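Since the structure comes first, as structure tokens, the remarks are kept for the end.
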Amino acid sequence: MGDGTNIKIDESLIDSLKESESIVFFTGAGISSESGIPTFRGREGLWNKFKPEELANFDAFMRNPELVWEWYNYRRKIVHDAQPNPAHLTIAEMQNHFKDVTVVTQNVDNLHRRAGSKKIFELHGNIERNFCINCKKFHNEELDFSVGVPKCECGGLIRPDVVWFGEYLPEDQFLGGEKAAINSDIFFVVGTSAVVYPAAGLVYTAKASGATIIEINIEETEISSSVNYSYFGKAGEILPRIFEDYKLRTDF
Ligand code: BJW
Ligand code: ZN
């Protein structure tokens with residue numbers, strides 16, 4: 001395990017980057033942990049006390065909408081107060097140096113957009129949007145988050161526009177992410193335990209399509225043995241390090 005500061009970036013990776021046009025960043029909760037947003041799993045997973053499988057599903061919401069809504073309210077506040085960190089900002093800056101940079105994120109926190117990334121596929125929705133479970137109408141600005149679970153004028157409960165277990169991913173977002181994976185030269189996997197499907201399957205899609213796979217995580221994951229390069233440390237330290245090395249060895 002490194003702390004990012006003493007990690008050496010392979011020269012062959014920098015060489016590959018120099019030849020790359022399409023770069024994908026497949027990201028998970030770990031990329032936002034240095035912004036103060038807890039992850040779901042892993043040794044620093046603060047939601048460890050809540051199992052996502054138990055709260056992030058429709059049955060849990062119907063059984064106890066107040067509890068699930070309260071969990072999301074708590075997280076909305078953390079996300080609202082958080083700022084993009086050097087990992088998000090490096091990815092956004094890389095747009096100025098490569099032909100095609102795509103973010104495919106499992107996160108619902110909007111931090112890639114706030115960091116300035118332009119091409120983003122959100123596989124698991126966005127915590128800032130909400131819709132009625134009955135008529136599907138979107139409700140956003142007008143919601144009062146201080147009083148229990150809000151209801152639509154049709155009487156339906158309002159839920160966050162995120163993807164819960166057992167629900168299909170938004171088709172346009174998944175297909176966009178899949179296409180980016182297939183077309184990528186380099187596929188970074190950053191801060192995800194890579195256990196939730198079908199999202200995690202994109203790593204294998206990219207690999208089968210010939211991409212070089214680079215994992216950045218504070219610990220080993222399900223995919224570590226399948227990748228071309230692993231860097232163990234914080235994303236907010238390793239990604240800037242890779243980009244600095246790239247710039248040092250590249251003439252503009
Ligand atoms: C750092 C760091 C730092 C920390 N720097 N790194 C059996 C086999 C295969 C599949 C299934 C199965 N049984 C059921 C399924 C399907 C299920 C699934 O995959 N389950 C598995 C858990 C087993 N998938 C689904 O249900 C999906 N839908 C689906 O399959 O539809 C088809 C279908 C339809 C009808 C019936 C049946 C099937 C939907 C999945 C939805 C996931 N939703 C959530 C919640 C979103 C809303 C919300 O935010 O509340 O998405 S769950 C949660 O997990 C969230 C995340 O996006 C997702 C992935 O987590 P992520 O991002 O990887 O975070 P962590 O916490 O797991 O990992 C963080 C990592 O960061 C760790 O590795 C740390 O080490 C690292 N880290 N700090 C770098 N500073
Ligand atoms: Zn409604």
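Scheme for the structure tokens: letters A, B, ... for chains in order shown; per-chain residue numbers from 1; ligand numbers from 1 in order shown.
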Would you mind listing, for every residue of chain A within 7 Å of ligand 1, the two atoms forming the shortest contact and the distance between them in Å to one decimal, using only C-alpha atoms and all ligand atoms, sorted by chain and ascending residue number, as CSV?
```
residue,atom,partner,partner_atom_place_in_ligand_line,distance
A:Thr27,CA,ligand 1,62 (O),6.8
A:Gly28,CA,ligand 1,62 (O),3.2
A:Ala29,CA,ligand 1,62 (O),3.9
A:Gly30,CA,ligand 1,71 (O),3.2
A:Ile31,CA,ligand 1,5 (N),5.3
A:Ser33,CA,ligand 1,78 (N),5.2
A:Glu34,CA,ligand 1,80 (N),5.3
A:Thr39,CA,ligand 1,66 (O),4.0
A:Phe40,CA,ligand 1,66 (O),3.2
A:Arg41,CA,ligand 1,66 (O),3.6
A:Gly42,CA,ligand 1,72 (C),4.6
A:Arg43,CA,ligand 1,75 (O),6.5
A:Glu44,CA,ligand 1,4 (C),6.3
A:Gly45,CA,ligand 1,66 (O),5.9
A:Pro52,CA,ligand 1,52 (S),5.5
A:Glu53,CA,ligand 1,52 (S),6.6
A:Ala56,CA,ligand 1,45 (C),5.5
A:Gln106,CA,ligand 1,57 (O),4.0
A:Asn107,CA,ligand 1,57 (O),5.1
A:Val108,CA,ligand 1,49 (O),5.6
A:His124,CA,ligand 1,46 (C),5.4
A:Val162,CA,ligand 1,47 (C),4.8
A:Val163,CA,ligand 1,41 (C),4.9
A:Trp164,CA,ligand 1,41 (C),4.5
A:Phe165,CA,ligand 1,26 (O),3.5
A:Gly166,CA,ligand 1,26 (O),3.6
A:Glu167,CA,ligand 1,31 (O),4.6
A:Tyr168,CA,ligand 1,31 (O),4.1
A:Leu169,CA,ligand 1,28 (N),6.2
A:Val190,CA,ligand 1,79 (C),6.1
A:Gly191,CA,ligand 1,6 (N),3.5
A:Thr192,CA,ligand 1,63 (O),3.4
A:Ser193,CA,ligand 1,73 (O),3.6
A:Ala194,CA,ligand 1,63 (O),5.1
A:Val195,CA,ligand 1,22 (C),5.7
A:Val196,CA,ligand 1,19 (O),3.5
A:Tyr197,CA,ligand 1,19 (O),3.6
A:Pro198,CA,ligand 1,30 (O),5.7
A:Ile216,CA,ligand 1,79 (C),5.8
A:Asn217,CA,ligand 1,6 (N),3.6
A:Ile218,CA,ligand 1,6 (N),4.6
A:Glu219,CA,ligand 1,75 (O),4.9
A:Thr221,CA,ligand 1,73 (O),6.0
A:Gly233,CA,ligand 1,5 (N),6.1
A:Lys234,CA,ligand 1,5 (N),3.6
A:Ala235,CA,ligand 1,5 (N),3.9
A:Gly236,CA,ligand 1,80 (N),6.5
```
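Each residue with an atom within 12 Å of any atom of ligand 2 appears in the list, which was built counting only C-alpha atoms and all ligand atoms: Asn130, Phe131, Cys132, Ile133, Asn134, Cys135, Lys136, Lys137, Phe138, His139, Pro150, Lys151, Cys152, Glu153, Cys154, Gly155, Gly156, Leu157, Ile158 and Arg159 of chain A.
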Quick one: everything within 9 Å of Leu17 of chain A, counting only C-alpha atoms, minus sequence neighbours fewer than 5 positions away in the same chain. Send it as a ChimeraX atom specification. /A:12,23,185-186,246
Take the residues from that selection and put them in a file with all heavy atoms, as an mmCIF file, in the first residue's frame.
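Now in out02.cif:
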```cif
data_model
loop_
_atom_site.group_PDB
_atom_site.id
_atom_site.type_symbol
_atom_site.label_atom_id
_atom_site.label_comp_id
_atom_site.auth_asym_id
_atom_site.auth_seq_id
_atom_site.Cartn_x
_atom_site.Cartn_y
_atom_site.Cartn_z
ATOM 1 N N SER A 12 6.196 2.789 -19.183
ATOM 2 C CA SER A 12 5.415 2.210 -20.288
ATOM 3 C C SER A 12 3.975 2.727 -20.275
ATOM 4 O O SER A 12 3.344 2.862 -21.328
ATOM 5 C CB SER A 12 5.430 0.679 -20.202
ATOM 6 O OG SER A 12 4.944 0.259 -18.951
ATOM 7 N N ILE A 23 -9.662 8.179 -23.803
ATOM 8 C CA ILE A 23 -9.395 7.765 -22.424
ATOM 9 C C ILE A 23 -10.711 7.755 -21.658
ATOM 10 O O ILE A 23 -11.503 8.710 -21.754
ATOM 11 C CB ILE A 23 -8.422 8.744 -21.755
ATOM 12 C CG1 ILE A 23 -7.143 8.790 -22.586
ATOM 13 C CG2 ILE A 23 -8.128 8.331 -20.325
ATOM 14 C CD1 ILE A 23 -6.046 9.568 -21.990
ATOM 15 N N ASP A 185 -8.760 3.604 -25.604
ATOM 16 C CA ASP A 185 -7.389 3.101 -25.661
ATOM 17 C C ASP A 185 -6.920 2.805 -24.242
ATOM 18 O O ASP A 185 -6.226 1.822 -24.003
ATOM 19 C CB ASP A 185 -6.463 4.158 -26.288
ATOM 20 C CG ASP A 185 -6.899 4.509 -27.710
ATOM 21 O OD1 ASP A 185 -7.180 3.581 -28.481
ATOM 22 O OD2 ASP A 185 -6.981 5.718 -28.030
ATOM 23 N N ILE A 186 -7.257 3.704 -23.346
ATOM 24 C CA ILE A 186 -6.875 3.538 -21.940
ATOM 25 C C ILE A 186 -8.125 3.632 -21.084
ATOM 26 O O ILE A 186 -8.960 4.539 -21.287
ATOM 27 C CB ILE A 186 -5.910 4.659 -21.496
ATOM 28 C CG1 ILE A 186 -4.717 4.742 -22.432
ATOM 29 C CG2 ILE A 186 -5.520 4.486 -20.037
ATOM 30 C CD1 ILE A 186 -3.409 4.340 -21.870
ATOM 31 N N TYR A 246 3.197 12.560 -17.198
ATOM 32 C CA TYR A 246 2.848 12.629 -18.620
ATOM 33 C C TYR A 246 3.284 13.979 -19.194
ATOM 34 O O TYR A 246 3.936 14.035 -20.249
ATOM 35 C CB TYR A 246 1.327 12.423 -18.791
ATOM 36 C CG TYR A 246 0.833 12.757 -20.167
ATOM 37 C CD1 TYR A 246 0.978 11.851 -21.221
ATOM 38 C CD2 TYR A 246 0.251 13.997 -20.426
ATOM 39 C CE1 TYR A 246 0.544 12.175 -22.495
ATOM 40 C CE2 TYR A 246 -0.186 14.330 -21.695
ATOM 41 C CZ TYR A 246 -0.038 13.419 -22.725
ATOM 42 O OH TYR A 246 -0.460 13.752 -23.982
#
```
Skipping near chain neighbours, those fewer than 5 positions away, what residues fall within 10 Å of segment 79-94 of chain A using only C-alpha atoms, listed as a PyMOL selection string? chain A and resi 23-25+27+31-38+73-74+99-103+108-119+127-128+190+234-244
Atoms to include: C-alpha atoms. Write the selected residues as a PDB file, in the first residue's frame.
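File produced: again_34.pdb:
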```
ATOM      1  CA  ILE A  23      -9.395   7.765 -22.424  1.00  0.00           C
ATOM      2  CA  VAL A  24     -12.158   6.588 -20.136  1.00  0.00           C
ATOM      3  CA  PHE A  25     -12.344   7.101 -16.398  1.00  0.00           C
ATOM      4  CA  THR A  27     -15.181   5.870 -11.302  1.00  0.00           C
ATOM      5  CA  ILE A  31     -12.860   8.995  -6.007  1.00  0.00           C
ATOM      6  CA  SER A  32     -15.102  11.199  -3.877  1.00  0.00           C
ATOM      7  CA  SER A  33     -13.912   9.990  -0.495  1.00  0.00           C
ATOM      8  CA  GLU A  34     -11.179  12.655  -0.383  1.00  0.00           C
ATOM      9  CA  SER A  35     -14.005  15.183  -0.846  1.00  0.00           C
ATOM     10  CA  GLY A  36     -15.472  13.889   2.407  1.00  0.00           C
ATOM     11  CA  ILE A  37     -18.158  11.650   0.909  1.00  0.00           C
ATOM     12  CA  PRO A  38     -18.110   8.211   2.524  1.00  0.00           C
ATOM     13  CA  ASN A  73     -31.291  13.715   2.954  1.00  0.00           C
ATOM     14  CA  TYR A  74     -28.208  13.124   5.061  1.00  0.00           C
ATOM     15  CA  LYS A  99      -8.779  14.070 -28.029  1.00  0.00           C
ATOM     16  CA  ASP A 100     -11.533  12.243 -26.194  1.00  0.00           C
ATOM     17  CA  VAL A 101     -11.961  11.989 -22.424  1.00  0.00           C
ATOM     18  CA  THR A 102     -15.069  10.263 -21.095  1.00  0.00           C
ATOM     19  CA  VAL A 103     -16.183   9.808 -17.515  1.00  0.00           C
ATOM     20  CA  VAL A 108     -24.583  10.115  -7.939  1.00  0.00           C
ATOM     21  CA  ASP A 109     -22.780  13.141  -6.471  1.00  0.00           C
ATOM     22  CA  ASN A 110     -22.291  15.433  -9.499  1.00  0.00           C
ATOM     23  CA  LEU A 111     -18.659  16.143  -8.552  1.00  0.00           C
ATOM     24  CA  HIS A 112     -17.285  15.297 -12.013  1.00  0.00           C
ATOM     25  CA  ARG A 113     -19.610  17.845 -13.574  1.00  0.00           C
ATOM     26  CA  ARG A 114     -18.742  20.438 -10.956  1.00  0.00           C
ATOM     27  CA  ALA A 115     -15.024  19.781 -11.637  1.00  0.00           C
ATOM     28  CA  GLY A 116     -15.601  20.633 -15.319  1.00  0.00           C
ATOM     29  CA  SER A 117     -15.824  17.235 -17.033  1.00  0.00           C
ATOM     30  CA  LYS A 118     -18.041  17.507 -20.095  1.00  0.00           C
ATOM     31  CA  LYS A 119     -18.708  13.998 -21.355  1.00  0.00           C
ATOM     32  CA  ILE A 127     -28.964  12.408  -6.128  1.00  0.00           C
ATOM     33  CA  GLU A 128     -29.942  15.946  -7.114  1.00  0.00           C
ATOM     34  CA  VAL A 190     -10.724   4.636 -10.043  1.00  0.00           C
ATOM     35  CA  LYS A 234      -5.351   7.731  -2.957  1.00  0.00           C
ATOM     36  CA  ALA A 235      -6.860   8.772  -6.266  1.00  0.00           C
ATOM     37  CA  GLY A 236      -6.338  12.438  -5.390  1.00  0.00           C
ATOM     38  CA  GLU A 237      -2.599  11.810  -5.171  1.00  0.00           C
ATOM     39  CA  ILE A 238      -2.008   9.208  -7.878  1.00  0.00           C
ATOM     40  CA  LEU A 239      -4.001  10.748 -10.729  1.00  0.00           C
ATOM     41  CA  PRO A 240      -2.217  14.143 -10.474  1.00  0.00           C
ATOM     42  CA  ARG A 241       1.081  12.229 -10.264  1.00  0.00           C
ATOM     43  CA  ILE A 242       0.355  10.321 -13.489  1.00  0.00           C
ATOM     44  CA  PHE A 243      -0.683  13.513 -15.282  1.00  0.00           C
ATOM     45  CA  GLU A 244       2.398  15.415 -14.054  1.00  0.00           C
TER      46      GLU A 244
END
```
Contacts of Val68 of chain A at 9 Å (only C-alpha atoms; same-chain gap of 6+ positions) as a PyMOL selection string: chain A and resi 55-56+60-61
Keeping only C-alpha atoms, take the residues you just selected and write them out as a tab-separated table (two decimals), in the first residue's frame.
```tsv
chain	number	residue	atom	x	y	z
A	55	LEU	CA	-31.49	0.65	1.96
A	56	ALA	CA	-30.86	1.14	-1.74
A	60	ALA	CA	-36.97	-0.89	1.58
A	61	PHE	CA	-38.38	2.43	0.38
```
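With only C-alpha atoms as the atoms that count, the residue of A:Glu141, A:Glu215, A:Glu178, A:Glu70 with the shortest distance to Leu123 of chain A is A:Glu178.
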Per DSSP on the backbone, what are the alpha helix (DSSP H) residues of segment 39-250 of chain A, as a PyMOL selection string? chain A and resi 52-55+58-63+65-81+86-94+111-115+171-183+201-208+235-248
Using only C-alpha atoms, which protein or nucleic acid residues come within 9 Å of Gly148 of chain A? Drop anything in the same chain fewer than 6 positions from it, and give the result as a VMD selection string. chain A and resid 65 to 66 69 to 70
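Among A:Ala206, A:Ala211, A:Leu13, A:Met62, the residue with the shortest atom-to-atom distance to Gly177 of chain A, counting only C-alpha atoms, is A:Ala206.
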